[in-house]
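Pasting start_8.txt here (compact mmCIF, C-alpha atoms):
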```txt
# COMPACT_ATOMS: atom_id res chain seq x y z
CA MET F 1 -15.62 -14.63 72.38
CA THR F 2 -18.67 -16.73 73.14
CA ASP F 3 -19.10 -19.47 75.72
CA LYS F 4 -17.46 -22.78 74.89
CA ILE F 5 -19.67 -25.73 73.97
CA THR F 6 -19.02 -29.43 73.88
CA PHE F 7 -18.85 -31.53 70.75
CA GLU F 8 -22.13 -33.10 71.86
CA ASP F 9 -23.73 -29.63 71.85
CA PHE F 10 -22.46 -29.01 68.31
CA ALA F 11 -23.64 -32.44 67.14
CA LYS F 12 -27.22 -31.49 68.05
CA VAL F 13 -27.24 -28.81 65.33
CA ASP F 14 -28.29 -30.44 62.05
CA ILE F 15 -26.76 -28.35 59.24
CA ARG F 16 -27.52 -29.55 55.73
CA ALA F 17 -26.85 -28.50 52.13
CA GLY F 18 -29.80 -27.94 49.84
CA THR F 19 -30.71 -26.37 46.52
CA VAL F 20 -33.01 -23.36 46.35
CA VAL F 21 -35.88 -24.45 44.08
CA ASP F 22 -38.08 -21.36 44.44
CA ALA F 23 -37.64 -17.84 45.76
CA GLN F 24 -40.19 -15.06 46.03
CA PRO F 25 -40.24 -11.51 47.37
CA PHE F 26 -41.63 -11.20 50.91
CA PRO F 27 -43.11 -7.68 51.07
CA GLU F 28 -45.11 -8.48 54.23
CA ALA F 29 -41.93 -9.02 56.29
CA ARG F 30 -40.97 -6.27 58.77
CA LYS F 31 -37.38 -6.31 57.46
CA PRO F 32 -36.66 -6.85 53.74
CA ALA F 33 -36.57 -10.58 53.06
CA ILE F 34 -36.98 -13.29 50.43
CA LYS F 35 -39.09 -16.43 50.85
CA LEU F 36 -37.02 -19.51 49.94
CA TRP F 37 -37.97 -23.10 49.23
CA VAL F 38 -34.93 -25.37 49.61
CA ASP F 39 -34.71 -29.01 48.46
CA PHE F 40 -32.81 -31.20 50.94
CA GLY F 41 -33.32 -34.47 49.04
CA ALA F 42 -35.51 -37.49 49.66
CA GLU F 43 -34.98 -37.71 53.44
CA LEU F 44 -36.03 -34.14 54.32
CA GLY F 45 -37.78 -32.90 51.18
CA VAL F 46 -38.40 -29.23 50.45
CA ARG F 47 -38.38 -26.85 53.42
CA LYS F 48 -39.09 -23.13 53.45
CA SER F 49 -37.42 -20.14 55.03
CA SER F 50 -37.57 -16.37 55.20
CA ALA F 51 -34.09 -14.95 54.62
CA GLN F 52 -32.96 -11.34 55.04
CA ILE F 53 -30.62 -11.47 52.04
CA THR F 54 -32.05 -8.70 49.85
CA ASP F 55 -28.94 -6.49 50.00
CA HIS F 56 -26.91 -8.99 47.96
CA TYR F 57 -29.50 -11.21 46.25
CA ALA F 58 -32.70 -10.98 44.21
CA PRO F 59 -35.14 -13.92 44.22
CA GLU F 60 -34.28 -14.98 40.66
CA GLU F 61 -30.54 -15.00 41.52
CA VAL F 62 -30.80 -17.55 44.32
CA VAL F 63 -32.86 -20.20 42.52
CA GLY F 64 -30.48 -23.08 41.72
CA ARG F 65 -27.93 -22.06 44.38
CA THR F 66 -26.72 -24.47 47.02
CA VAL F 67 -27.19 -23.09 50.53
CA MET F 68 -26.52 -24.34 54.04
CA ALA F 69 -29.25 -24.37 56.66
CA VAL F 70 -30.07 -25.55 60.16
CA VAL F 71 -32.93 -27.99 59.63
CA ASN F 72 -33.77 -29.01 63.20
CA PHE F 73 -35.05 -25.74 64.70
CA PRO F 74 -38.78 -25.66 65.42
CA PRO F 75 -40.84 -23.81 62.76
CA ARG F 76 -41.20 -20.08 63.33
CA GLN F 77 -44.03 -17.84 62.17
CA ILE F 78 -42.70 -14.83 60.24
CA GLY F 79 -45.77 -12.69 59.53
CA PRO F 80 -48.03 -14.80 57.30
CA PHE F 81 -45.20 -17.25 56.44
CA MET F 82 -44.05 -20.32 58.41
CA SER F 83 -40.24 -20.59 58.31
CA GLU F 84 -39.06 -24.19 58.79
CA ILE F 85 -35.27 -23.81 58.52
CA LEU F 86 -32.56 -21.22 59.20
CA VAL F 87 -30.52 -20.47 56.08
CA LEU F 88 -26.97 -19.59 57.10
CA GLY F 89 -24.94 -16.54 56.17
CA PHE F 90 -22.31 -14.10 57.38
CA GLY F 91 -22.69 -10.37 57.76
CA ASP F 92 -20.41 -8.34 55.52
CA GLU F 93 -18.74 -5.12 56.74
CA ALA F 94 -22.09 -3.31 56.53
CA GLY F 95 -24.00 -6.17 58.17
CA ALA F 96 -25.68 -7.37 54.96
CA ILE F 97 -25.98 -11.16 54.82
CA VAL F 98 -23.81 -13.22 52.44
CA LEU F 99 -25.00 -16.81 52.01
CA VAL F 100 -22.87 -19.77 53.14
CA ALA F 101 -22.32 -22.54 50.58
CA PRO F 102 -19.88 -25.41 50.00
CA ASP F 103 -17.15 -24.64 47.47
CA GLN F 104 -17.73 -27.92 45.62
CA THR F 105 -20.82 -29.87 44.61
CA VAL F 106 -22.45 -31.92 47.38
CA PRO F 107 -25.75 -33.83 47.27
CA ASN F 108 -28.93 -32.24 48.59
CA GLY F 109 -29.31 -33.25 52.22
CA ALA F 110 -25.56 -33.67 52.85
CA ARG F 111 -24.92 -33.03 56.53
CA LEU F 112 -22.13 -30.80 57.78
CA ALA F 113 -19.52 -33.14 59.22
```

Write the structure described by the file as structure tokens, please.
Amino acid sequence: MTDKITFEDFAKVDIRAGTVVDAQPFPEARKPAIKLWVDFGAELGVRKSSAQITDHYAPEEVVGRTVMAVVNFPPRQIGPFMSEILVLGFGDEAGAIVLVAPDQTVPNGARLA
């Protein structure tokens, strides 16, 4: 079990829903990854991320999917690519990442409540 946090700590993490509008292979990454462009609506716009999701997803399969992401981390340089968000997922039994998504339609930019 991890250390306990306060609700105020949790409230600092800005997790939003967005639609993947573009996805491309990322052969320059040290670990297999896909470059994602995610639309979070008018307030946040399109943000990009490098996601290690190649075990379960191909780039063409994720375009149009709703994903969840942390949008308030500072940008991080991943090789030649600047990642602006952290797309969320769970590791399966083998450790391969499975994307997190709402089970019903929500607007782009909806914040996790």

Selection near region 91-95 of chain F, 12 Å with all atoms listed in the file, sequence-local residues under 3 positions removed, as a ChimeraX atom specification: /F:52-56,88,98-100

Point-to-point distance in Å for CA of Lys12 (chain F) and CA of Phe81 (chain F):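 A separation of 25.7 Å between them.
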
Close residues, Lys35 (chain F) itself excluded, 12 Å, all atoms listed in the file, min 6 positions apart in chain, as a ChimeraX atom specification: /F:20-29,47-54,57-60,62-63,78-87

Å distance separating CA of Ala11 (chain F) from CA of Asn72 (chain F), one decimal place: 11.4 Å

CA of Gly45 (chain F) to CA of Arg30 (chain F), straight-line distance in Å: 27.9 Å

Residues within 12 Å of region 4-9 of chain F, all atoms listed in the file, excluding chain neighbours under 4 positions, as a list of chain:residue names: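 Near region 4-9 of chain F, the qualifying residues are F:Val13, F:Asp14, F:Ala113.
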
Draw an axis-aligned box over all listed atoms of region 80-88 of chain F, pad each side with 6 Å, and write its centre and edge lengths in Å, one decimal, as JSON.
```
{"center_x": -37.5, "center_y": -19.5, "center_z": 57.6, "size_x": 33.1, "size_y": 21.4, "size_z": 15.1}
```

10 Å contact set for Phe40 (chain F), only C-alpha atoms, chain neighbours under 4 positions out, as a PyMOL selection string: chain F and resi 16-20+44-47+66-69+71+107-111
